[in-house]
file upload-v8.csv (CSV, C-alpha atoms)
chain,number,residue,atom,x,y,z
A,3,MET,CA,-5.7,30.3,21.0
A,4,TRP,CA,-7.7,29.7,17.8
A,5,SER,CA,-9.0,33.0,16.3
A,6,ASN,CA,-12.7,33.5,16.3
A,7,ALA,CA,-13.1,36.4,13.9
A,8,SER,CA,-16.4,35.2,12.6
A,9,ALA,CA,-18.3,35.6,15.9
A,10,ASP,CA,-18.4,39.4,16.1
A,11,VAL,CA,-18.7,40.5,12.6
A,12,VAL,CA,-22.4,39.8,11.8
A,13,ASP,CA,-23.1,43.6,11.6
A,14,LEU,CA,-20.4,44.4,9.1
A,15,LEU,CA,-20.8,44.9,5.4
A,16,PRO,CA,-20.4,41.8,3.2
A,17,GLY,CA,-17.1,43.0,1.9
A,18,GLU,CA,-15.7,43.6,5.3
A,19,ARG,CA,-17.0,40.3,6.6
A,20,LEU,CA,-15.4,38.5,3.7
A,21,GLU,CA,-12.1,40.2,4.3
A,22,LEU,CA,-12.1,39.1,8.0
A,23,LEU,CA,-13.1,35.6,7.1
A,24,PHE,CA,-10.3,35.4,4.5
A,25,ALA,CA,-7.8,36.6,7.1
A,26,GLU,CA,-8.9,33.8,9.4
A,27,LEU,CA,-8.7,31.3,6.5
A,28,ALA,CA,-5.1,32.5,5.8
A,29,GLU,CA,-4.2,32.1,9.5
A,30,LEU,CA,-5.7,28.6,9.8
A,31,THR,CA,-4.2,27.5,6.4
A,32,GLY,CA,-0.7,28.6,7.6
A,33,GLN,CA,-1.2,26.6,10.8
A,34,ARG,CA,-2.4,23.5,8.9
A,35,ASN,CA,0.6,23.7,6.6
A,36,ALA,CA,2.9,23.9,9.5
A,37,ILE,CA,1.2,20.9,11.2
A,38,ASP,CA,1.5,18.9,7.9
A,39,GLY,CA,5.2,19.8,7.8
A,40,ARG,CA,5.7,18.3,11.3
A,41,ILE,CA,3.6,15.2,10.3
A,42,VAL,CA,5.9,14.8,7.3
A,43,GLU,CA,8.9,14.8,9.6
A,44,ILE,CA,7.4,12.1,11.8
A,45,VAL,CA,6.5,10.0,8.8
A,46,ALA,CA,10.0,10.5,7.4
A,47,GLU,CA,11.5,9.1,10.6
A,48,VAL,CA,9.2,6.1,10.5
A,49,ASP,CA,10.1,5.5,6.9
A,50,ARG,CA,13.9,6.1,7.3
A,51,ASP,CA,14.2,3.7,10.2
A,52,ALA,CA,11.7,1.2,8.8
A,53,LEU,CA,9.6,1.4,12.0
A,54,TRP,CA,6.4,0.9,10.0
A,55,GLY,CA,7.3,-2.8,9.4
A,56,ASN,CA,6.6,-3.6,13.1
A,57,THR,CA,2.9,-2.6,12.7
A,58,GLY,CA,1.7,-5.1,10.0
A,59,ALA,CA,0.8,-2.3,7.7
A,60,ARG,CA,1.4,-2.9,4.0
A,61,SER,CA,3.3,0.4,3.4
A,62,VAL,CA,4.1,3.8,5.0
A,63,ALA,CA,1.1,5.3,3.2
A,64,ALA,CA,-1.2,2.6,4.6
A,65,LEU,CA,0.1,3.2,8.1
A,66,VAL,CA,-0.5,6.9,7.8
A,67,ALA,CA,-4.0,6.5,6.4
A,68,TRP,CA,-4.8,4.0,9.3
A,69,LYS,CA,-3.3,6.0,12.2
A,70,THR,CA,-4.4,9.5,11.1
A,71,GLY,CA,-7.8,8.6,9.7
A,72,THR,CA,-7.0,10.4,6.5
A,73,SER,CA,-7.8,9.5,2.9
A,74,ALA,CA,-5.5,7.2,0.8
A,75,ALA,CA,-4.6,10.1,-1.5
A,76,ASN,CA,-3.6,12.4,1.4
A,77,ALA,CA,-1.7,9.6,3.0
A,78,SER,CA,0.1,8.9,-0.3
A,79,ALA,CA,1.1,12.6,-0.5
A,80,LEU,CA,2.5,12.6,3.0
A,81,ALA,CA,4.5,9.4,2.3
A,82,ALA,CA,5.9,10.8,-1.0
A,83,VAL,CA,7.1,14.0,0.7
A,84,ALA,CA,8.5,12.2,3.6
A,85,HIS,CA,10.4,9.8,1.3
A,86,ARG,CA,12.2,12.7,-0.4
A,87,LEU,CA,12.4,15.1,2.5
A,88,GLU,CA,16.2,15.4,2.4
A,89,GLU,CA,16.1,16.1,-1.3
A,90,PHE,CA,13.7,19.1,-0.9
A,91,PRO,CA,14.8,21.0,2.2
A,92,ARG,CA,13.5,24.4,1.0
A,93,CYS,CA,10.1,23.0,0.1
A,94,ALA,CA,9.9,21.3,3.5
A,95,GLN,CA,10.9,24.5,5.2
A,96,GLY,CA,8.1,26.3,3.3
A,97,MET,CA,5.6,23.8,4.8
A,98,ARG,CA,7.0,24.2,8.4
A,99,GLU,CA,6.7,28.0,8.0
A,100,GLY,CA,3.1,27.6,6.8
A,101,ARG,CA,3.8,29.1,3.3
A,102,LEU,CA,3.4,25.9,1.2
A,103,SER,CA,0.7,23.3,1.4
A,104,LEU,CA,1.1,19.5,1.4
A,105,ASP,CA,-0.6,19.2,-2.0
A,106,GLN,CA,1.9,21.7,-3.5
A,107,VAL,CA,4.9,19.9,-2.1
A,108,GLY,CA,3.4,16.5,-2.8
A,109,VAL,CA,3.2,17.2,-6.6
A,110,ILE,CA,6.9,18.2,-6.5
A,111,ALA,CA,8.1,15.2,-4.4
A,112,ARG,CA,6.3,12.7,-6.6
A,113,SER,CA,7.8,13.6,-10.0
A,114,ALA,CA,10.3,16.5,-9.9
A,115,GLY,CA,13.9,15.8,-10.8
A,116,ASP,CA,16.9,15.6,-8.5
A,117,GLY,CA,18.4,19.0,-7.6
A,118,SER,CA,15.2,20.9,-8.3
A,119,ASP,CA,14.4,22.0,-4.8
A,120,GLU,CA,15.4,25.7,-5.2
A,121,HIS,CA,13.5,26.0,-8.5
A,122,TYR,CA,10.2,24.6,-7.3
A,123,ALA,CA,10.4,26.2,-3.8
A,124,ALA,CA,10.3,29.6,-5.6
A,125,LEU,CA,7.7,28.5,-8.0
A,126,ALA,CA,5.4,27.0,-5.4
A,127,ALA,CA,5.3,30.3,-3.5
A,128,VAL,CA,3.1,31.8,-6.3
A,129,ALA,CA,1.7,28.7,-8.3
A,130,THR,CA,-1.4,26.6,-7.7
A,131,VAL,CA,-1.3,22.8,-7.5
A,132,SER,CA,-2.5,22.5,-11.1
A,133,GLN,CA,0.2,24.9,-12.3
A,134,LEU,CA,2.8,22.9,-10.4
A,135,ARG,CA,1.7,19.7,-12.1
A,136,THR,CA,2.1,21.4,-15.5
A,137,ALA,CA,5.5,22.7,-14.6
A,138,VAL,CA,6.7,19.3,-13.5
A,139,LYS,CA,5.5,17.8,-16.8
A,140,LEU,CA,7.4,20.4,-18.8
A,141,GLU,CA,10.6,19.3,-17.1
A,142,PRO,CA,12.8,17.6,-19.7
A,143,ARG,CA,13.5,13.9,-19.2
A,144,PRO,CA,16.7,12.1,-20.2
A,145,GLU,CA,16.5,10.2,-23.4
A,146,PRO,CA,16.6,6.4,-22.9
A,147,ASP,CA,19.5,4.5,-24.2
A,148,ARG,CA,18.9,3.1,-27.7
A,149,ARG,CA,20.2,-0.4,-27.7
A,150,PRO,CA,19.4,-3.4,-29.8
A,151,GLU,CA,16.5,-5.5,-28.5
A,152,PRO,CA,17.7,-8.8,-27.1
A,153,GLN,CA,16.1,-12.1,-28.2
A,154,CYS,CA,12.8,-12.9,-26.5
A,155,PHE,CA,13.0,-15.3,-23.6
A,156,ILE,CA,11.6,-16.4,-20.2
A,157,THR,CA,14.0,-17.3,-17.4
A,158,LYS,CA,13.5,-18.3,-13.8
A,159,HIS,CA,15.7,-18.7,-10.8
A,160,SER,CA,14.9,-19.0,-7.1
A,161,ASP,CA,16.5,-18.4,-3.7
A,162,GLU,CA,15.5,-19.4,-0.2
A,163,GLU,CA,12.6,-16.9,-0.1
A,164,PHE,CA,11.6,-15.9,-3.7
A,165,SER,CA,11.4,-16.9,-7.3
A,166,TYR,CA,12.5,-14.5,-10.0
A,167,TRP,CA,11.2,-14.3,-13.5
A,168,ARG,CA,12.5,-12.4,-16.5
A,169,ILE,CA,10.5,-12.1,-19.7
A,170,LYS,CA,11.3,-10.5,-23.0
A,171,LEU,CA,8.6,-10.3,-25.7
A,172,PRO,CA,8.4,-8.9,-29.3
A,173,HIS,CA,6.4,-5.7,-29.5
A,174,LEU,CA,3.2,-7.4,-30.8
A,175,GLU,CA,3.1,-10.0,-28.1
A,176,ALA,CA,4.1,-7.4,-25.5
A,177,ALA,CA,1.1,-5.2,-26.6
A,178,THR,CA,-1.2,-8.1,-26.0
A,179,PHE,CA,0.3,-8.8,-22.6
A,180,ASP,CA,0.1,-5.1,-21.6
A,181,ALA,CA,-3.6,-4.9,-22.7
A,182,ALA,CA,-4.4,-8.0,-20.6
A,183,LEU,CA,-2.6,-6.6,-17.6
A,184,ALA,CA,-4.3,-3.2,-18.0
A,185,SER,CA,-7.8,-4.9,-18.3
A,186,HIS,CA,-7.3,-6.9,-15.1
A,187,ARG,CA,-5.7,-3.9,-13.3
A,188,ASP,CA,-8.7,-1.7,-14.2
A,189,ALA,CA,-11.1,-4.4,-12.9
A,190,LEU,CA,-9.2,-4.7,-9.6
A,191,VAL,CA,-9.1,-0.9,-9.2
A,192,ALA,CA,-12.9,-0.7,-9.9
A,193,GLU,CA,-13.4,-3.4,-7.2
A,194,TRP,CA,-11.1,-1.5,-4.8
A,195,LYS,CA,-13.1,1.7,-5.4
A,196,ARG,CA,-16.4,-0.1,-4.7
A,197,ASP,CA,-15.0,-1.4,-1.4
A,198,HIS,CA,-13.0,1.7,-0.3
A,199,GLY,CA,-13.7,4.6,-2.6
A,200,ASP,CA,-16.4,6.3,-0.4
A,201,ARG,CA,-14.9,5.3,3.0
A,202,ASP,CA,-13.2,7.8,5.2
A,203,SER,CA,-13.5,6.1,8.5
A,204,ALA,CA,-10.7,6.3,11.1
A,205,ALA,CA,-11.4,2.6,12.0
A,206,GLU,CA,-10.1,1.3,8.6
A,207,GLN,CA,-6.7,0.8,7.2
A,208,VAL,CA,-7.5,0.9,3.6
A,209,PRO,CA,-5.3,-1.4,1.6
A,210,PRO,CA,-3.2,0.2,-1.2
A,211,VAL,CA,-4.7,0.5,-4.7
A,212,PRO,CA,-4.0,-2.7,-6.7
A,213,ASP,CA,-0.9,-2.5,-8.8
A,214,THR,CA,0.6,-4.3,-11.8
A,215,ILE,CA,1.7,-7.3,-9.6
A,216,ASP,CA,-1.9,-7.7,-8.4
A,217,ALA,CA,-3.1,-7.5,-12.0
A,218,PHE,CA,-0.5,-10.1,-13.1
A,219,MET,CA,-1.7,-12.6,-10.4
A,220,ARG,CA,-5.3,-11.9,-11.4
A,221,LEU,CA,-4.3,-12.7,-15.0
A,222,VAL,CA,-2.7,-16.0,-14.0
A,223,GLU,CA,-5.7,-16.9,-11.8
A,224,ALA,CA,-8.1,-16.1,-14.5
A,225,GLY,CA,-6.4,-18.6,-16.9
A,226,TRP,CA,-6.2,-21.1,-14.1
A,227,ASP,CA,-9.9,-20.8,-13.4
A,228,ALA,CA,-10.7,-21.2,-17.0
A,229,ASP,CA,-8.6,-24.4,-17.2
A,230,ALA,CA,-10.1,-25.6,-13.9
A,231,THR,CA,-13.6,-25.7,-15.4
A,232,ARG,CA,-12.3,-28.3,-17.9
A,233,ARG,CA,-10.8,-30.5,-15.2
A,234,PRO,CA,-12.7,-33.0,-13.0
A,235,HIS,CA,-14.0,-31.6,-9.7
A,236,GLY,CA,-12.8,-28.1,-10.6
A,237,HIS,CA,-9.7,-28.0,-8.3
A,238,ARG,CA,-8.1,-24.6,-8.6
A,239,THR,CA,-5.5,-24.4,-5.7
A,240,THR,CA,-4.2,-27.9,-5.5
A,241,VAL,CA,-0.7,-27.9,-3.8
A,242,VAL,CA,1.5,-31.0,-4.2
A,243,VAL,CA,3.8,-31.4,-1.3
A,244,HIS,CA,6.5,-34.1,-0.8
A,245,VAL,CA,7.1,-35.0,2.9
A,246,ASP,CA,10.3,-36.9,3.9
A,247,ILE,CA,9.3,-39.2,6.8
A,248,ASP,CA,12.7,-39.6,8.3
A,249,LYS,CA,13.9,-35.9,8.1
A,250,GLN,CA,10.5,-34.4,8.8
A,251,ALA,CA,10.9,-32.0,6.0
A,252,ALA,CA,8.5,-30.9,3.2
A,253,ALA,CA,9.0,-29.5,-0.2
A,254,TYR,CA,7.0,-28.3,-3.2
A,255,HIS,CA,6.6,-30.7,-6.1
A,256,LEU,CA,9.7,-30.0,-8.3
A,257,GLY,CA,10.4,-27.0,-6.0
A,258,PRO,CA,12.4,-25.9,-3.0
A,259,LEU,CA,12.0,-27.0,0.6
A,260,LEU,CA,9.2,-25.4,2.6
A,261,SER,CA,9.9,-23.4,5.7
A,262,ASP,CA,7.8,-23.8,8.8
A,263,SER,CA,5.9,-20.5,8.0
A,264,GLU,CA,5.2,-21.6,4.4
A,265,ARG,CA,4.0,-25.0,5.5
A,266,GLY,CA,1.6,-23.4,8.1
A,267,TYR,CA,0.5,-20.9,5.5
A,268,LEU,CA,-0.4,-23.6,2.9
A,269,THR,CA,-2.3,-25.8,5.4
A,270,CYS,CA,-4.6,-23.0,6.4
A,271,ASP,CA,-6.7,-22.8,3.2
A,272,ALA,CA,-5.8,-25.0,0.2
A,273,THR,CA,-6.4,-28.3,-1.5
A,274,CYS,CA,-3.4,-30.4,-0.5
A,275,GLU,CA,-2.0,-33.5,-2.1
A,276,VAL,CA,0.8,-35.0,0.0
A,277,TRP,CA,3.4,-37.6,-1.2
A,278,PHE,CA,5.3,-39.4,1.5
A,279,GLU,CA,8.9,-40.4,0.9
A,280,ARG,CA,11.7,-42.3,2.7
A,281,GLY,CA,15.2,-42.3,1.5
A,282,GLY,CA,14.2,-40.6,-1.7
A,283,GLU,CA,11.6,-43.2,-2.6
A,284,VAL,CA,7.9,-42.6,-2.8
A,285,ILE,CA,6.1,-44.9,-0.3
A,286,GLY,CA,2.6,-43.5,-0.5
A,287,ALA,CA,0.3,-40.7,-1.4
A,288,GLY,CA,-2.7,-39.1,0.3
A,289,ARG,CA,-5.9,-38.1,-1.4
A,290,ALA,CA,-6.3,-34.5,-2.4
A,291,THR,CA,-8.4,-33.0,0.3
A,292,ARG,CA,-9.8,-29.5,0.9
A,293,VAL,CA,-8.9,-28.1,4.3
A,294,ILE,CA,-11.9,-25.7,4.3
A,295,ASN,CA,-15.0,-27.0,2.6
A,296,ARG,CA,-17.4,-24.8,0.6
A,297,ARG,CA,-20.2,-24.6,3.2
A,298,LEU,CA,-17.8,-23.7,6.0
A,299,ARG,CA,-16.2,-21.1,3.8
A,300,ARG,CA,-19.6,-19.4,3.1
A,301,ALA,CA,-20.4,-19.4,6.8
A,302,LEU,CA,-17.1,-17.8,7.6
A,303,GLU,CA,-17.5,-15.1,4.9
A,304,HIS,CA,-21.0,-14.3,6.2
A,305,ARG,CA,-19.6,-13.8,9.8
A,306,ASP,CA,-16.3,-11.9,9.2
A,307,ARG,CA,-17.1,-10.1,6.0
A,308,ALA,CA,-13.5,-8.7,5.8
A,309,CYS,CA,-10.0,-9.2,7.0
A,310,VAL,CA,-10.0,-9.3,10.8
A,311,VAL,CA,-6.7,-7.5,11.3
A,312,PRO,CA,-7.6,-4.1,12.8
A,313,GLY,CA,-7.5,-1.3,10.3
A,314,CYS,CA,-7.3,-3.5,7.1
A,315,GLY,CA,-10.9,-3.8,5.8
A,316,ALA,CA,-10.0,-5.8,2.7
A,317,THR,CA,-12.9,-7.8,1.4
A,318,ARG,CA,-11.6,-9.6,-1.7
A,319,GLY,CA,-9.3,-12.6,-2.1
A,320,LEU,CA,-9.5,-13.5,1.6
A,321,HIS,CA,-7.9,-16.6,3.1
A,322,ALA,CA,-9.4,-18.8,5.8
A,323,HIS,CA,-6.9,-19.0,8.7
A,324,HIS,CA,-6.7,-21.4,11.6
A,325,ILE,CA,-6.2,-19.4,14.8
A,326,ARG,CA,-4.6,-22.6,16.3
A,327,HIS,CA,-2.7,-24.0,13.3
A,328,TRP,CA,-4.2,-27.0,11.6
A,329,GLU,CA,-0.9,-28.9,11.8
A,330,ASP,CA,-0.8,-28.2,15.6
A,331,GLY,CA,-4.2,-29.9,16.1
A,332,GLY,CA,-6.4,-26.9,15.5
A,333,ARG,CA,-10.0,-27.7,14.7
A,334,THR,CA,-11.5,-26.7,11.3
A,335,ASP,CA,-14.6,-25.0,12.7
A,336,LEU,CA,-16.0,-21.5,12.9
A,337,ALA,CA,-14.6,-20.9,16.4
A,338,ASN,CA,-11.0,-21.6,15.2
A,339,LEU,CA,-11.3,-19.8,11.8
A,340,VAL,CA,-11.0,-16.2,10.8
A,341,LEU,CA,-10.6,-14.4,7.4
A,342,LEU,CA,-7.3,-12.7,6.6
A,343,CYS,CA,-6.2,-10.9,3.5
A,344,PRO,CA,-3.3,-12.5,1.6
A,345,TYR,CA,-0.8,-9.9,2.9
A,346,HIS,CA,-1.7,-10.2,6.6
A,347,HIS,CA,-2.0,-14.0,6.3
A,348,ARG,CA,1.6,-14.3,5.0
A,349,TRP,CA,2.7,-11.7,7.5
A,350,HIS,CA,1.3,-13.7,10.4
A,351,HIS,CA,3.0,-17.0,9.3
A,352,ARG,CA,6.3,-15.1,9.0
A,353,GLY,CA,6.0,-13.8,12.6
A,354,GLY,CA,5.0,-10.2,11.8
A,355,ILE,CA,1.7,-10.3,13.6
A,356,THR,CA,0.1,-12.8,16.1
A,357,VAL,CA,-3.5,-13.9,15.9
A,358,ALA,CA,-4.7,-15.5,19.1
A,359,GLY,CA,-7.8,-16.2,21.2
A,360,THR,CA,-11.0,-17.3,19.5
A,361,SER,CA,-12.9,-16.0,16.5
A,362,TYR,CA,-15.4,-14.4,19.0
A,363,ASP,CA,-12.7,-12.9,21.2
A,364,LEU,CA,-9.8,-12.2,18.9
A,365,ILE,CA,-6.5,-10.6,19.9
A,366,VAL,CA,-4.1,-9.3,17.2
A,367,THR,CA,-0.7,-8.1,18.2
A,368,ASP,CA,2.4,-6.9,16.4
A,369,SER,CA,5.9,-8.5,16.5
A,370,ASP,CA,6.6,-6.6,19.8
A,371,GLY,CA,3.5,-7.9,21.5
A,372,ARG,CA,1.5,-4.6,21.3
A,373,GLU,CA,-2.2,-5.2,20.6
A,374,LEU,CA,-3.4,-3.6,17.3
A,375,SER,CA,-6.4,-1.4,17.5
A,376,ALA,CA,-8.6,-0.1,14.6
A,377,ALA,CA,-8.9,3.3,16.3
A,378,ALA,CA,-7.0,6.3,14.8
A,379,LEU,CA,-4.5,8.3,16.9
A,380,ALA,CA,-6.4,11.6,16.6
A,381,HIS,CA,-7.5,13.3,19.8
A,382,SER,CA,-8.1,16.8,21.1
A,383,PRO,CA,-4.9,18.9,20.8
A,384,ALA,CA,-3.0,19.5,24.0
A,385,LYS,CA,-0.6,22.1,22.5
A,386,PRO,CA,-1.4,25.5,21.0
A,387,PRO,CA,-1.3,25.7,17.2
A,388,PRO,CA,2.0,26.6,15.5
A,389,ALA,CA,3.0,30.2,15.7
A,390,VAL,CA,3.4,30.9,11.9
A,391,ALA,CA,2.5,33.7,9.7
A,392,PRO,CA,-0.8,33.5,7.7
A,393,CYS,CA,-0.5,31.7,4.4
A,394,PRO,CA,-0.8,34.1,1.5
A,395,GLY,CA,-1.5,31.3,-1.0
A,396,PRO,CA,-0.9,31.4,-4.7
A,397,THR,CA,-1.2,34.6,-6.6
A,398,GLY,CA,-4.1,33.4,-8.7
A,399,GLU,CA,-2.6,34.7,-11.9
A,400,ARG,CA,-3.0,32.8,-15.1
A,401,ALA,CA,0.2,31.0,-16.0
A,402,ASP,CA,2.0,32.1,-19.2
A,403,TRP,CA,3.8,28.9,-20.1
A,404,TRP,CA,5.4,30.5,-23.2
A,405,TRP,CA,7.8,32.4,-20.9
A,406,TYR,CA,8.3,29.7,-18.3
A,407,GLN,CA,11.7,28.2,-18.1
A,408,PRO,CA,11.4,24.6,-16.9
A,409,PHE,CA,13.9,23.1,-14.5
A,410,GLN,CA,16.9,21.8,-16.4
A,411,PRO,CA,18.5,18.6,-14.8
A,412,GLN,CA,22.2,18.8,-14.5
A,413,PRO,CA,24.1,16.3,-16.7
A,414,PRO,CA,26.1,13.7,-14.8
A,415,PRO,CA,29.8,14.5,-14.2
A,416,THR,CA,32.2,13.1,-16.8
A,417,SER,CA,35.2,11.0,-15.9
A,418,ASN,CA,37.5,12.8,-18.3

call {"tool": "encode", "arguments": {"input": "upload-v8.csv", "output": "structure tokens"}}
result
Amino acid sequence: MWSNASADVVDLLPGERLELLFAELAELTGQRNAIDGRIVEIVAEVDRDALWGNTGARSVAALVAWKTGTSAANASALAAVAHRLEEFPRCAQGMREGRLSLDQVGVIARSAGDGSDEHYAALAAVATVSQLRTAVKLEPRPEPDRRPEPQCFITKHSDEEFSYWRIKLPHLEAATFDAALASHRDALVAEWKRDHGDRDSAAEQVPPVPDTIDAFMRLVEAGWDADATRRPHGHRTTVVVHVDIDKQAAAYHLGPLLSDSERGYLTCDATCEVWFERGGEVIGAGRATRVINRRLRRALEHRDRACVVPGCGATRGLHAHHIRHWEDGGRTDLANLVLLCPYHHRWHHRGGITVAGTSYDLIVTDSDGRELSAAALAHSPAKPPPAVAPCPGPTGERADWWWYQPFQPQPPPTSN
């Protein structure tokens, strides 16, 4: 049973009341730490066996934030600890016993070196989260290999699913490139905070904070938009596709063949220019047409507001998706259109999730046919709280870093 020490202590002296309240706080904190320890074990199992991929979530952290109704920062800490659970058994044991908090172990799991479990498990027993951050920063890092810089170049190669780019730049050009990426990343993060920074609702799966890849795509699109203003009609997303009439196959212009999922993805929301071929010879070309016109797009944005996949909540960069695919005869009207974020749009066309019904009675299911719901998993507990000792917490002493011995990573074994 939960303790209720604060109910019968009204007549005690302030010092005595505070002592009893602190005792209850220690008891509850220990129970919370133990519960977090068990949650980490569950998340580690989901991560280890890649079970989260069946849910349509973008990452383990996104799945945890969605299903537990917690903040993105707390979900990120749970995912970080779960990912390195086997590397830090002593720290994990401290959580299960209620002695160490998720925030303490999260700092260690994010940045501490390999083999440092014993060192930081002992330190975390007396150190605050802020002190642990400092200790991890003091840990020596291996010096990078000093090798001659290769000549600058840009190369590209592709396989059946992806295209791979490698780029090497002189320091001056690289600094310009980095500054541009940082500027676009800061803008994306600011937009993300406006959309999700103050939200803590269990009904939302907050997308991950934009990263460098998102910033790079924003940089490309910004240049594309600037160039589009100088072109007639301002087409920005024109896709040129070559269709072989006899083989019923399609390919990008000067690119690889399109899979069925890629073809369906492109025909949802893009300006398409189709070239028809027979026997390798061009026999005709269609006009560049926009699948979703501007007025219909605005009506769709006014109705849906955000990605319709339960728990997502993304509001920027959304795609208009045909519930019944356009190439299968689906109508381009509001009843057959919904908004999807780029991640869930691609995931749908690859078979990860299914979007069915109508826009007014939408059913979204995962790859196993389970209907996705925006509701979190939290409910009233059916089991008693963990039987652990009260958490003593950090000592509260000021850290004297002059005498602190940082963890020393062990050198790799030699082959002599």

call {"tool": "closest_residue", "arguments": {"input": "upload-v8.csv", "among": "A:Thr397, A:Trp328, A:Cys309, A:Asp161", "to": "Leu260 in chain A", "atoms": "only C-alpha atoms"}}
result
A:Asp161

call {"tool": "closest_residue", "arguments": {"input": "upload-v8.csv", "among": "A:Leu183, A:Val311, A:Val138, A:Ala94", "to": "Asp116 in chain A", "atoms": "all atoms listed in the file"}}
result
A:Val138

call {"tool": "residues_near_point", "arguments": {"input": "upload-v8.csv", "point": "(-4.6, 2.3, 14.1)", "cutoff": "7 Å", "atoms": "all atoms listed in the file", "output": "PyMOL selection string"}}
result
chain A and resi 68-69+313+374-379

call {"tool": "closest_residue", "arguments": {"input": "upload-v8.csv", "among": "A:Leu336, A:Leu320, A:Leu364, A:Ala137", "to": "Leu302 in chain A", "atoms": "only C-alpha atoms"}}
result
A:Leu336

call {"tool": "closest_residue", "arguments": {"input": "upload-v8.csv", "among": "A:Ala391, A:Ala181, A:Leu298, A:Ile169", "to": "Leu341 in chain A", "atoms": "all atoms listed in the file"}}
result
A:Leu298

call {"tool": "atom_distance", "arguments": {"input": "upload-v8.csv", "atom1": "CA of Arg40 in chain A", "atom2": "CA of Gln133 in chain A"}}
result
25.1 Å

call {"tool": "atom_distance", "arguments": {"input": "upload-v8.csv", "atom1": "CA of Leu221 in chain A", "atom2": "CA of Ala176 in chain A"}}
result
14.5 Å

call {"tool": "atom_distance", "arguments": {"input": "upload-v8.csv", "atom1": "CA of Arg196 in chain A", "atom2": "CA of Asp105 in chain A"}}
result
25.1 Å

call {"tool": "closest_residue", "arguments": {"input": "upload-v8.csv", "among": "A:Leu23, A:Ile355, A:Leu30, A:Val191", "to": "Ala389 in chain A", "atoms": "only C-alpha atoms"}}
result
A:Leu30

call {"tool": "closest_residue", "arguments": {"input": "upload-v8.csv", "among": "A:Pro396, A:Ala64, A:Asp370, A:Ser361", "to": "Ala126 in chain A", "atoms": "only C-alpha atoms"}}
result
A:Pro396

call {"tool": "build_atoms", "arguments": {"input": "upload-v8.csv", "residues": "range 38-52 of chain A", "atoms": "N, CA and C atoms", "output": "mmCIF file, in the frame of the given file"}}
result
data_model
loop_
_atom_site.group_PDB
_atom_site.id
_atom_site.type_symbol
_atom_site.label_atom_id
_atom_site.label_comp_id
_atom_site.auth_asym_id
_atom_site.auth_seq_id
_atom_site.Cartn_x
_atom_site.Cartn_y
_atom_site.Cartn_z
ATOM 1 N N ASP A 38 1.141 19.940 8.921
ATOM 2 C CA ASP A 38 1.500 18.900 7.900
ATOM 3 C C ASP A 38 2.999 18.790 7.782
ATOM 4 N N GLY A 39 3.722 19.902 7.900
ATOM 5 C CA GLY A 39 5.200 19.800 7.800
ATOM 6 C C GLY A 39 5.751 18.990 8.958
ATOM 7 N N ARG A 40 5.199 19.117 10.156
ATOM 8 C CA ARG A 40 5.700 18.300 11.300
ATOM 9 C C ARG A 40 5.261 16.838 11.094
ATOM 10 N N ILE A 41 4.049 16.597 10.572
ATOM 11 C CA ILE A 41 3.600 15.200 10.300
ATOM 12 C C ILE A 41 4.555 14.565 9.301
ATOM 13 N N VAL A 42 4.950 15.307 8.274
ATOM 14 C CA VAL A 42 5.900 14.800 7.300
ATOM 15 C C VAL A 42 7.193 14.373 7.939
ATOM 16 N N GLU A 43 7.694 15.174 8.858
ATOM 17 C CA GLU A 43 8.900 14.800 9.600
ATOM 18 C C GLU A 43 8.793 13.540 10.353
ATOM 19 N N ILE A 44 7.645 13.364 11.006
ATOM 20 C CA ILE A 44 7.400 12.100 11.800
ATOM 21 C C ILE A 44 7.339 10.937 10.836
ATOM 22 N N VAL A 45 6.604 11.082 9.720
ATOM 23 C CA VAL A 45 6.500 10.000 8.800
ATOM 24 C C VAL A 45 7.853 9.664 8.154
ATOM 25 N N ALA A 46 8.678 10.699 7.903
ATOM 26 C CA ALA A 46 10.000 10.500 7.400
ATOM 27 C C ALA A 46 10.867 9.656 8.321
ATOM 28 N N GLU A 47 10.743 9.915 9.614
ATOM 29 C CA GLU A 47 11.500 9.100 10.600
ATOM 30 C C GLU A 47 11.018 7.692 10.634
ATOM 31 N N VAL A 48 9.704 7.495 10.558
ATOM 32 C CA VAL A 48 9.200 6.100 10.500
ATOM 33 C C VAL A 48 9.652 5.397 9.279
ATOM 34 N N ASP A 49 9.682 6.115 8.142
ATOM 35 C CA ASP A 49 10.100 5.500 6.900
ATOM 36 C C ASP A 49 11.623 5.244 6.892
ATOM 37 N N ARG A 50 12.398 6.212 7.342
ATOM 38 C CA ARG A 50 13.900 6.100 7.300
ATOM 39 C C ARG A 50 14.354 4.932 8.166
ATOM 40 N N ASP A 51 13.772 4.764 9.337
ATOM 41 C CA ASP A 51 14.200 3.700 10.200
ATOM 42 C C ASP A 51 13.397 2.427 10.127
ATOM 43 N N ALA A 52 12.538 2.364 9.067
ATOM 44 C CA ALA A 52 11.700 1.200 8.800
ATOM 45 C C ALA A 52 10.897 0.741 10.008
#
